[in-house]
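Here is model.pdb, consisting of PDB, C-alpha atoms and all ligand atoms:
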```pdb
ATOM      1  CA  MET B   1     -52.861-263.918  87.845
ATOM      2  CA  ARG B   2     -53.869-261.029  85.621
ATOM      3  CA  ASN B   3     -57.415-262.201  84.919
ATOM      4  CA  ARG B   4     -58.279-261.986  88.603
ATOM      5  CA  ILE B   5     -57.716-258.228  88.516
ATOM      6  CA  ASN B   6     -60.971-256.435  89.135
ATOM      7  CA  LEU B   7     -61.583-253.458  86.876
ATOM      8  CA  ARG B   8     -64.060-251.830  89.261
ATOM      9  CA  ALA B   9     -63.103-249.121  91.707
ATOM     10  CA  LYS B  10     -64.634-248.772  95.161
ATOM     11  CA  GLU B  11     -68.259-247.737  94.966
ATOM     12  CA  GLY B  12     -68.660-243.964  94.725
ATOM     13  CA  ILE B  13     -64.949-243.052  94.802
ATOM     14  CA  PRO B  14     -63.330-241.731  91.594
ATOM     15  CA  ILE B  15     -60.641-244.132  90.418
ATOM     16  CA  LEU B  16     -58.294-241.185  89.852
ATOM     17  CA  GLN B  17     -58.240-237.904  91.785
ATOM     18  CA  VAL B  18     -55.678-235.388  90.567
ATOM     19  CA  ARG B  19     -55.185-232.412  92.865
ATOM     20  CA  GLN B  20     -53.139-229.264  92.193
ATOM     21  CA  LEU B  21     -50.730-231.131  89.991
ATOM     22  CA  GLY B  22     -47.631-229.122  89.156
ATOM     23  CA  LYS B  23     -44.555-229.928  87.085
ATOM     24  CA  GLN B  24     -41.516-227.808  86.590
ATOM     25  CA  PHE B  25     -38.488-228.666  84.469
ATOM     26  CA  ASP B  26     -35.121-227.189  85.310
ATOM     27  CA  LEU B  27     -33.181-226.771  82.107
ATOM     28  CA  ARG B  28     -29.481-226.170  82.070
ATOM     29  CA  ILE B  29     -28.586-225.559  78.463
ATOM     30  CA  ALA B  30     -26.765-222.238  78.006
ATOM     31  CA  ARG B  31     -27.960-220.887  81.381
ATOM     32  CA  PRO B  32     -30.285-222.322  84.027
ATOM     33  CA  MET B  33     -33.941-221.906  83.091
ATOM     34  CA  GLU B  34     -37.285-223.152  84.358
ATOM     35  CA  VAL B  35     -40.198-224.440  82.293
ATOM     36  CA  THR B  36     -43.459-224.820  84.200
ATOM     37  CA  PRO B  37     -46.083-226.451  82.001
ATOM     38  CA  LEU B  38     -48.285-227.469  84.952
ATOM     39  CA  LEU B  39     -49.051-225.262  87.931
ATOM     40  CA  ASP B  40     -52.377-226.280  89.346
ATOM     41  CA  VAL B  41     -54.280-229.016  87.525
ATOM     42  CA  SER B  42     -57.136-230.809  89.296
ATOM     43  CA  PHE B  43     -59.686-233.312  88.018
ATOM     44  CA  ASP B  44     -61.403-236.600  88.882
ATOM     45  CA  ILE B  45     -62.102-239.597  86.684
ATOM     46  CA  GLU B  46     -64.856-242.000  87.616
ATOM     47  CA  GLN B  47     -64.223-245.685  86.997
ATOM     48  CA  GLY B  48     -64.992-246.686  83.405
ATOM     49  CA  ARG B  49     -65.008-243.097  82.108
ATOM     50  CA  PHE B  50     -62.905-241.511  79.379
ATOM     51  CA  LEU B  51     -61.298-238.130  79.953
ATOM     52  CA  GLY B  52     -59.829-236.373  76.912
ATOM     53  CA  ILE B  53     -57.235-233.617  77.314
ATOM     54  CA  ALA B  54     -57.173-230.715  74.866
ATOM     55  CA  GLY B  55     -55.150-227.554  74.431
ATOM     56  CA  PRO B  56     -52.523-225.970  72.205
ATOM     57  CA  SER B  57     -49.130-227.515  71.564
ATOM     58  CA  GLY B  58     -46.738-227.248  74.511
ATOM     59  CA  VAL B  59     -49.474-226.572  77.067
ATOM     60  CA  GLY B  60     -48.591-229.659  79.132
ATOM     61  CA  LYS B  61     -50.968-232.387  77.936
ATOM     62  CA  SER B  62     -48.321-235.117  77.632
ATOM     63  CA  THR B  63     -46.792-233.938  80.897
ATOM     64  CA  ILE B  64     -50.070-234.763  82.688
ATOM     65  CA  LEU B  65     -50.103-238.259  81.164
ATOM     66  CA  LYS B  66     -46.450-238.882  81.955
ATOM     67  CA  SER B  67     -46.987-237.700  85.536
ATOM     68  CA  ILE B  68     -49.811-240.221  85.995
ATOM     69  CA  TYR B  69     -47.714-243.044  84.510
ATOM     70  CA  ARG B  70     -44.834-241.626  86.569
ATOM     71  CA  THR B  71     -42.426-241.266  83.656
ATOM     72  CA  TYR B  72     -42.202-237.802  85.249
ATOM     73  CA  THR B  73     -42.286-237.244  88.999
ATOM     74  CA  PRO B  74     -44.635-234.339  89.690
ATOM     75  CA  SER B  75     -43.137-231.262  91.395
ATOM     76  CA  SER B  76     -46.291-230.701  93.475
ATOM     77  CA  GLY B  77     -49.791-232.011  94.052
ATOM     78  CA  SER B  78     -51.195-235.510  94.284
ATOM     79  CA  ILE B  79     -52.532-238.215  91.961
ATOM     80  CA  VAL B  80     -54.660-240.514  94.100
ATOM     81  CA  TYR B  81     -55.436-243.797  92.364
ATOM     82  CA  GLN B  82     -57.702-246.577  93.659
ATOM     83  CA  SER B  83     -55.515-249.580  92.988
ATOM     84  CA  GLU B  84     -56.730-253.153  92.937
ATOM     85  CA  LEU B  85     -53.428-254.381  94.368
ATOM     86  CA  PHE B  86     -52.575-251.612  96.814
ATOM     87  CA  GLY B  87     -55.842-249.808  97.622
ATOM     88  CA  GLU B  88     -55.663-246.003  97.676
ATOM     89  CA  ILE B  89     -52.268-244.817  96.535
ATOM     90  CA  ASP B  90     -50.697-241.476  95.578
ATOM     91  CA  LEU B  91     -48.902-242.071  92.281
ATOM     92  CA  ALA B  92     -46.957-238.831  92.735
ATOM     93  CA  ALA B  93     -45.264-240.263  95.831
ATOM     94  CA  ALA B  94     -45.374-244.053  95.347
ATOM     95  CA  SER B  95     -42.150-246.060  95.386
ATOM     96  CA  GLU B  96     -40.528-247.199  92.132
ATOM     97  CA  ARG B  97     -41.328-250.791  93.075
ATOM     98  CA  THR B  98     -45.025-250.016  93.474
ATOM     99  CA  ILE B  99     -45.065-248.165  90.156
ATOM    100  CA  THR B 100     -43.382-251.117  88.402
ATOM    101  CA  HIS B 101     -46.090-253.417  89.780
ATOM    102  CA  LEU B 102     -48.880-251.087  88.734
ATOM    103  CA  ARG B 103     -47.431-250.770  85.229
ATOM    104  CA  LYS B 104     -47.330-254.515  84.920
ATOM    105  CA  TYR B 105     -50.813-255.314  86.197
ATOM    106  CA  GLU B 106     -53.010-252.222  86.217
ATOM    107  CA  MET B 107     -51.817-249.320  84.087
ATOM    108  CA  GLY B 108     -51.227-249.189  80.342
ATOM    109  CA  TYR B 109     -49.532-246.386  78.402
ATOM    110  CA  VAL B 110     -49.444-245.870  74.655
ATOM    111  CA  SER B 111     -47.560-243.119  72.901
ATOM    112  CA  GLN B 112     -46.863-242.641  69.213
ATOM    113  CA  PHE B 113     -43.531-244.344  69.551
ATOM    114  CA  LEU B 114     -42.798-248.054  69.739
ATOM    115  CA  ARG B 115     -39.711-249.090  71.615
ATOM    116  CA  VAL B 116     -38.762-251.650  68.997
ATOM    117  CA  ILE B 117     -37.262-254.819  70.375
ATOM    118  CA  PRO B 118     -34.845-256.242  67.772
ATOM    119  CA  ARG B 119     -35.495-259.697  66.325
ATOM    120  CA  VAL B 120     -38.751-260.386  68.155
ATOM    121  CA  SER B 121     -41.739-261.119  65.913
ATOM    122  CA  ALA B 122     -44.870-258.960  65.952
ATOM    123  CA  THR B 123     -46.848-261.841  67.478
ATOM    124  CA  ASP B 124     -44.286-262.313  70.243
ATOM    125  CA  VAL B 125     -43.966-258.577  70.992
ATOM    126  CA  ILE B 126     -47.664-258.645  71.899
ATOM    127  CA  ALA B 127     -47.741-262.154  73.412
ATOM    128  CA  GLU B 128     -44.781-261.455  75.695
ATOM    129  CA  ARG B 129     -46.633-258.607  77.341
ATOM    130  CA  LEU B 130     -49.436-261.016  78.234
ATOM    131  CA  MET B 131     -46.981-263.713  79.337
ATOM    132  CA  SER B 132     -45.409-261.196  81.744
ATOM    133  CA  THR B 133     -48.686-261.335  83.702
ATOM    134  CA  GLY B 134     -48.615-265.148  83.965
ATOM    135  CA  VAL B 135     -50.441-266.321  80.822
ATOM    136  CA  GLU B 136     -49.029-269.445  79.084
ATOM    137  CA  ARG B 137     -47.116-268.943  75.822
ATOM    138  CA  GLU B 138     -49.546-270.682  73.444
ATOM    139  CA  GLU B 139     -52.590-268.976  74.930
ATOM    140  CA  ALA B 140     -50.772-265.639  74.775
ATOM    141  CA  ARG B 141     -49.760-266.159  71.127
ATOM    142  CA  MET B 142     -53.320-267.031  70.203
ATOM    143  CA  ALA B 143     -54.610-263.862  71.877
ATOM    144  CA  ALA B 144     -51.854-261.875  70.131
ATOM    145  CA  ARG B 145     -52.928-263.194  66.725
ATOM    146  CA  GLN B 146     -56.523-262.200  67.413
ATOM    147  CA  MET B 147     -55.317-258.742  68.360
ATOM    148  CA  LEU B 148     -53.192-258.432  65.181
ATOM    149  CA  GLU B 149     -56.264-259.359  63.158
ATOM    150  CA  ARG B 150     -58.394-256.750  64.930
ATOM    151  CA  LEU B 151     -55.763-254.113  64.264
ATOM    152  CA  ASN B 152     -55.767-254.942  60.523
ATOM    153  CA  ILE B 153     -52.143-256.074  60.445
ATOM    154  CA  ASP B 154     -51.468-258.050  57.267
ATOM    155  CA  LYS B 155     -51.034-261.761  58.123
ATOM    156  CA  LYS B 156     -47.749-261.817  56.201
ATOM    157  CA  LEU B 157     -46.274-259.526  58.861
ATOM    158  CA  TRP B 158     -47.285-261.495  61.936
ATOM    159  CA  GLU B 159     -44.008-263.368  62.186
ATOM    160  CA  GLY B 160     -41.971-260.406  60.864
ATOM    161  CA  PHE B 161     -39.906-257.993  62.964
ATOM    162  CA  PRO B 162     -41.628-254.693  63.818
ATOM    163  CA  ALA B 163     -38.296-252.855  63.412
ATOM    164  CA  THR B 164     -38.832-253.181  59.650
ATOM    165  CA  PHE B 165     -42.504-252.085  59.731
ATOM    166  CA  SER B 166     -43.977-248.763  58.608
ATOM    167  CA  GLY B 167     -44.779-246.099  61.235
ATOM    168  CA  GLY B 168     -48.502-246.958  61.166
ATOM    169  CA  GLU B 169     -47.815-250.694  61.459
ATOM    170  CA  GLN B 170     -45.453-250.127  64.376
ATOM    171  CA  GLN B 171     -48.069-247.991  66.035
ATOM    172  CA  ARG B 172     -50.605-250.801  65.767
ATOM    173  CA  ILE B 173     -48.169-253.255  67.376
ATOM    174  CA  ASN B 174     -47.701-250.707  70.137
ATOM    175  CA  LEU B 175     -51.449-250.520  70.683
ATOM    176  CA  GLY B 176     -51.797-254.302  70.573
ATOM    177  CA  ARG B 177     -49.155-254.668  73.258
ATOM    178  CA  ALA B 178     -50.936-252.199  75.519
ATOM    179  CA  PHE B 179     -54.477-253.440  74.858
ATOM    180  CA  ILE B 180     -53.775-257.168  75.221
ATOM    181  CA  VAL B 181     -53.654-257.002  79.028
ATOM    182  CA  ARG B 182     -56.832-254.909  79.365
ATOM    183  CA  PRO B 183     -55.468-252.589  82.042
ATOM    184  CA  ARG B 184     -57.737-250.927  84.633
ATOM    185  CA  LEU B 185     -56.307-247.522  83.715
ATOM    186  CA  MET B 186     -55.256-246.757  80.158
ATOM    187  CA  ILE B 187     -53.175-243.691  79.321
ATOM    188  CA  LEU B 188     -53.169-242.718  75.650
ATOM    189  CA  ASP B 189     -50.859-240.105  74.114
ATOM    190  CA  GLU B 190     -51.931-239.547  70.502
ATOM    191  CA  PRO B 191     -52.527-243.264  69.868
ATOM    192  CA  THR B 192     -54.088-242.701  66.443
ATOM    193  CA  ALA B 193     -51.401-240.364  65.069
ATOM    194  CA  SER B 194     -49.998-241.941  61.868
ATOM    195  CA  LEU B 195     -52.978-244.272  61.391
ATOM    196  CA  ASP B 196     -55.262-244.236  58.347
ATOM    197  CA  ARG B 197     -59.024-243.821  58.639
ATOM    198  CA  ARG B 198     -59.811-247.557  58.610
ATOM    199  CA  THR B 199     -57.305-248.421  61.315
ATOM    200  CA  THR B 200     -58.328-245.399  63.370
ATOM    201  CA  GLU B 201     -61.888-246.761  63.320
ATOM    202  CA  ALA B 202     -60.608-250.198  64.445
ATOM    203  CA  VAL B 203     -58.726-248.535  67.328
ATOM    204  CA  ILE B 204     -61.782-246.503  68.323
ATOM    205  CA  GLU B 205     -63.812-249.726  68.410
ATOM    206  CA  LEU B 206     -61.190-251.437  70.567
ATOM    207  CA  LEU B 207     -61.125-248.508  72.984
ATOM    208  CA  GLN B 208     -64.913-248.436  73.188
ATOM    209  CA  ASP B 209     -64.883-252.178  73.854
ATOM    210  CA  MET B 210     -62.368-251.785  76.659
ATOM    211  CA  LYS B 211     -64.417-248.951  78.106
ATOM    212  CA  ARG B 212     -67.571-251.083  78.074
ATOM    213  CA  GLN B 213     -65.633-253.715  80.015
ATOM    214  CA  GLY B 214     -64.735-251.177  82.686
ATOM    215  CA  THR B 215     -61.316-249.774  81.712
ATOM    216  CA  THR B 216     -60.865-246.141  82.720
ATOM    217  CA  MET B 217     -59.068-244.002  80.139
ATOM    218  CA  ILE B 218     -57.325-240.684  79.832
ATOM    219  CA  GLY B 219     -55.978-239.519  76.506
ATOM    220  CA  VAL B 220     -54.732-236.855  74.138
ATOM    221  CA  PHE B 221     -55.771-237.028  70.479
ATOM    222  CA  HIS B 222     -54.656-234.826  67.616
ATOM    223  CA  ASP B 223     -58.041-235.349  65.992
ATOM    224  CA  TRP B 224     -60.757-233.445  67.836
ATOM    225  CA  GLU B 225     -63.533-235.542  66.301
ATOM    226  CA  VAL B 226     -61.949-238.795  67.546
ATOM    227  CA  MET B 227     -61.486-237.327  71.027
ATOM    228  CA  GLU B 228     -65.074-236.136  71.153
ATOM    229  CA  ARG B 229     -66.388-239.536  70.094
ATOM    230  CA  LEU B 230     -64.445-241.315  72.816
ATOM    231  CA  SER B 231     -64.538-238.897  75.738
ATOM    232  CA  ASP B 232     -67.159-238.420  78.424
ATOM    233  CA  HIS B 233     -65.413-235.248  79.576
ATOM    234  CA  ILE B 234     -62.635-233.105  78.157
ATOM    235  CA  LEU B 235     -60.072-231.242  80.232
ATOM    236  CA  VAL B 236     -59.295-228.057  78.333
ATOM    237  CA  MET B 237     -55.872-226.691  79.247
ATOM    238  CA  ASP B 238     -55.653-222.911  79.431
ATOM    239  CA  GLY B 239     -51.958-222.279  78.788
ATOM    240  CA  LYS B 240     -51.481-220.892  82.319
ATOM    241  CA  GLY B 241     -50.650-224.243  83.888
ATOM    242  CA  SER B 242     -54.238-225.061  84.672
ATOM    243  CA  GLY B 243     -57.368-226.395  82.984
ATOM    244  CA  GLN B 244     -61.108-226.892  83.207
ATOM    245  CA  VAL B 245     -63.183-229.995  82.669
ATOM    246  CA  ARG B 246     -65.982-229.767  80.137
ATOM    247  CA  ASP B 247     -68.844-232.117  79.653
ATOM    248  CA  VAL B 248     -68.568-233.358  76.070
ATOM    249  CA  LEU B 249     -72.273-233.653  75.342
ATOM    250  CA  ALA B 250     -72.963-230.151  76.633
ATOM    251  CA  ALA B 251     -69.988-228.751  74.681
ATOM    252  CA  SER B 252     -70.981-230.344  71.397
ATOM    253  CA  ALA B 253     -74.606-229.226  71.859
ATOM    254  CA  SER B 254     -73.557-225.617  72.432
ATOM    255  CA  ARG B 255     -71.211-225.764  69.450
ATOM    256  CA  LYS B 256     -74.008-227.013  67.253
ATOM    257  CA  ALA B 257     -76.203-224.204  68.569
ATOM    258  CA  GLU B 258     -73.474-221.666  67.746
ATOM    259  CA  GLY B 259     -72.903-223.316  64.374
ATOM    260  CA  GLY B 260     -69.155-222.797  64.733
ATOM    261  CA  THR B 261     -65.983-224.559  65.788
ATOM    262  CA  VAL B 262     -64.451-224.447  69.213
ATOM    263  CA  HIS B 263     -60.715-223.884  69.147
ATOM    264  CA  VAL B 264     -58.808-225.178  72.105
TER
HETATM  265  N1  LIG X   1     -38.391-233.785  79.790
HETATM  266  C1  LIG X   1     -38.579-232.475  79.607
HETATM  267  N2  LIG X   1     -37.584-231.601  79.862
HETATM  268  C2  LIG X   1     -37.759-230.288  79.697
HETATM  269  N3  LIG X   1     -38.918-229.707  79.277
HETATM  270  C3  LIG X   1     -39.937-230.529  79.003
HETATM  271  C4  LIG X   1     -39.832-231.952  79.140
HETATM  272  N4  LIG X   1     -41.012-232.515  78.800
HETATM  273  C5  LIG X   1     -41.823-231.478  78.452
HETATM  274  N5  LIG X   1     -41.180-230.285  78.576
HETATM  275  C6  LIG X   1     -41.718-228.969  78.289
HETATM  276  O1  LIG X   1     -42.991-228.838  78.920
HETATM  277  C7  LIG X   1     -43.895-228.171  78.076
HETATM  278  C8  LIG X   1     -45.114-229.033  77.871
HETATM  279  O2  LIG X   1     -44.775-230.179  77.083
HETATM  280  P1  LIG X   1     -45.831-231.299  76.718
HETATM  281  O3  LIG X   1     -45.137-232.301  75.884
HETATM  282  O4  LIG X   1     -46.512-231.742  77.952
HETATM  283  O5  LIG X   1     -46.863-230.450  75.843
HETATM  284  P2  LIG X   1     -48.121-230.941  74.984
HETATM  285  O6  LIG X   1     -49.275-230.077  75.393
HETATM  286  O7  LIG X   1     -48.306-232.407  75.125
HETATM  287  O8  LIG X   1     -47.657-230.555  73.506
HETATM  288  P3  LIG X   1     -47.930-231.236  72.071
HETATM  289  O9  LIG X   1     -49.417-231.074  71.811
HETATM  290  O10 LIG X   1     -47.101-230.423  71.148
HETATM  291  O11 LIG X   1     -47.509-232.673  72.167
HETATM  292  C9  LIG X   1     -43.147-227.831  76.797
HETATM  293  O12 LIG X   1     -42.723-226.506  76.876
HETATM  294  C10 LIG X   1     -41.998-228.805  76.807
HETATM  295  O13 LIG X   1     -40.880-228.266  76.144
END
```

Kindly return the structure encoded in the file as structure tokens.
Amino acid sequence: MRNRINLRAKEGIPILQVRQLGKQFDLRIARPMEVTPLLDVSFDIEQGRFLGIAGPSGVGKSTILKSIYRTYTPSSGSIVYQSELFGEIDLAAASERTITHLRKYEMGYVSQFLRVIPRVSATDVIAERLMSTGVEREEARMAARQMLERLNIDKKLWEGFPATFSGGEQQRINLGRAFIVRPRLMILDEPTASLDRRTTEAVIELLQDMKRQGTTMIGVFHDWEVMERLSDHILVMDGKGSGQVRDVLAASASRKAEGGTVHV
């Protein structure tokens, strides 16, 4: 059962160790062409920490997230994850079956886009995710309603179909579905894009709550201020397929000292 999953990693070992991660896409449009957003990316994340990823558009931020969630299979390198179910495992090489298990019980992924399931109510879209881990329907629906409330979804919409919702409302359903299972490792790709200030604050609170309870997170945010508030460290991508991890507190202190803005 899901609630037996332990959020803690083994003492002293980072929950995620990414080493020399590389990803190359072979495009065959007019003529064969290669795109290599990632060449040599390495970083660690300690259990319960939040790593933000920054860098200009097209630098490979989403590609890192998709490689960890294994939407993309990396071309080189390793992504060693300390799994509750399987122990130490390289996500870059794990079997599809293992990845399916991890996605169900340990890893969450949120992007800006909801895969809308037709004719399933907002409450059930969220509840069904919880039920997939073994929780009873009524308990799951109750938890889903609490989540909808936290995400400021108008009560009138709870039994409505998300396919008819606005972009921001759909995004909140998406977040609710990912957050409801409290994964050990949460992967966030611009989760607050298309949200207003009030809802963004509610999402930040939820993420901080999850972090306090031990969830490890890695995410890309379009809003630098939001990323800085949430992150313990930020991986700044350099546009050459690599990146460097910065300590957020040190970075913001030096920026304040300079009195300027850091562009990444
Ligand atoms: N499935 C794919 N097939 C081919 N090329 C891809 C694919 N996914 C990403 N790329 C290419 O890899 C590069 C990095 O894309 P990625 O989405 O990781 O960038 P990003 O830093 O997240 O950008 P943005 O901030 O604009 O979202 C881009 O040049 C993109 O076109």

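For ligand LIG 1 (chain X), the neighbouring protein, DNA and RNA residues, which are those within 7 Å when only C-alpha atoms and all ligand atoms are counted, are Phe25, Asp26, Leu27, Val35, Thr36, Pro37, Gly55, Pro56, Ser57, Gly58, Val59, Gly60, Lys61, Ser62, Thr63 and Ile64 of chain B.
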
Compile the contact shell of segment 242-244 of chain B as a ChimeraX atom specification: residues with an atom at most 12 Å away, counting all atoms listed in the file, same-chain residues fewer than 3 positions apart removed. /B:18-23,36-44,51-56,59-61,64,233-239,247,264

Pick out the closest residue to Ile89 of chain B from this set: B:Val135, B:Ile15, B:Val125, B:Val110. Count all atoms listed in the file.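 Of the candidates, the smallest distance to Ile89 of chain B is held by B:Ile15.
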
Return the single residue from B:Thr215, B:Gln17, B:Gln24, B:Thr133 that is closest to Tyr72 of chain B, with distances computed using only C-alpha atoms. B:Gln24

Given the PyMOL selection byres (((chain B and resi 127) around 12) and not hetatm), the residues it picks as a ChimeraX atom specification: /B:120-126,128-148,158-159,173-174,176-181

I need every residue sitting at most 8 Å from the point (-51.9, -253.1, 62.1) (coordinates as in the file, all atoms listed in the file considered), written as a count of residues only. 14

Using all atoms listed in the file: which of B:Gly108, B:Gly241, B:Gly219, B:Gly77 has the shortest distance to Arg49 of chain B: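 The closest residue to Arg49 of chain B is B:Gly219.
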
With distances taken over all atoms listed in the file, which residue among B:Glu84, B:Val226, B:Ile29, B:Ser166 lies nearest His101 of chain B?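 When distances to His101 of chain B are compared using all atoms listed in the file, the smallest one comes from B:Glu84.
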
Centre and edge lengths of an axis-aligned box around all listed atoms of segment 201-210 of chain B, with 3 Å added on each side, are to be given in Å to one decimal, as JSON.
```
{"center_x": -61.8, "center_y": -249.3, "center_z": 70.0, "size_x": 12.2, "size_y": 11.7, "size_z": 19.3}
```

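Among the candidates B:Thr164, B:Ser67, B:Ser78, B:Gln208, the residue lying nearest to Arg119 of chain B is B:Thr164 (atoms considered: only C-alpha atoms).
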
Could you write out as a ChimeraX atom specification the residues that the PyMOL selection byres (((chain B and resi 218) around 9) and not hetatm) matches in the shown file? /B:45,49-53,65,185-189,216-217,219-220,231

Go ahead and dump the residues you just picked, C-alpha atoms, as an mmCIF file, in the coordinates of the input.
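This is the output file out.cif:
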```cif
data_model
loop_
_atom_site.group_PDB
_atom_site.id
_atom_site.type_symbol
_atom_site.label_atom_id
_atom_site.label_comp_id
_atom_site.auth_asym_id
_atom_site.auth_seq_id
_atom_site.Cartn_x
_atom_site.Cartn_y
_atom_site.Cartn_z
ATOM 1 C CA ILE B 45 -62.102 -239.597 86.684
ATOM 2 C CA ARG B 49 -65.008 -243.097 82.108
ATOM 3 C CA PHE B 50 -62.905 -241.511 79.379
ATOM 4 C CA LEU B 51 -61.298 -238.130 79.953
ATOM 5 C CA GLY B 52 -59.829 -236.373 76.912
ATOM 6 C CA ILE B 53 -57.235 -233.617 77.314
ATOM 7 C CA LEU B 65 -50.103 -238.259 81.164
ATOM 8 C CA LEU B 185 -56.307 -247.522 83.715
ATOM 9 C CA MET B 186 -55.256 -246.757 80.158
ATOM 10 C CA ILE B 187 -53.175 -243.691 79.321
ATOM 11 C CA LEU B 188 -53.169 -242.718 75.650
ATOM 12 C CA ASP B 189 -50.859 -240.105 74.114
ATOM 13 C CA THR B 216 -60.865 -246.141 82.720
ATOM 14 C CA MET B 217 -59.068 -244.002 80.139
ATOM 15 C CA GLY B 219 -55.978 -239.519 76.506
ATOM 16 C CA VAL B 220 -54.732 -236.855 74.138
ATOM 17 C CA SER B 231 -64.538 -238.897 75.738
#
```

Quick check, in Å to one decimal: how far apart do atom CA of Glu228 of chain B and atom CA of Lys240 of chain B lie?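 Separation of atom CA of Glu228 of chain B and atom CA of Lys240 of chain B: 23.3 Å.
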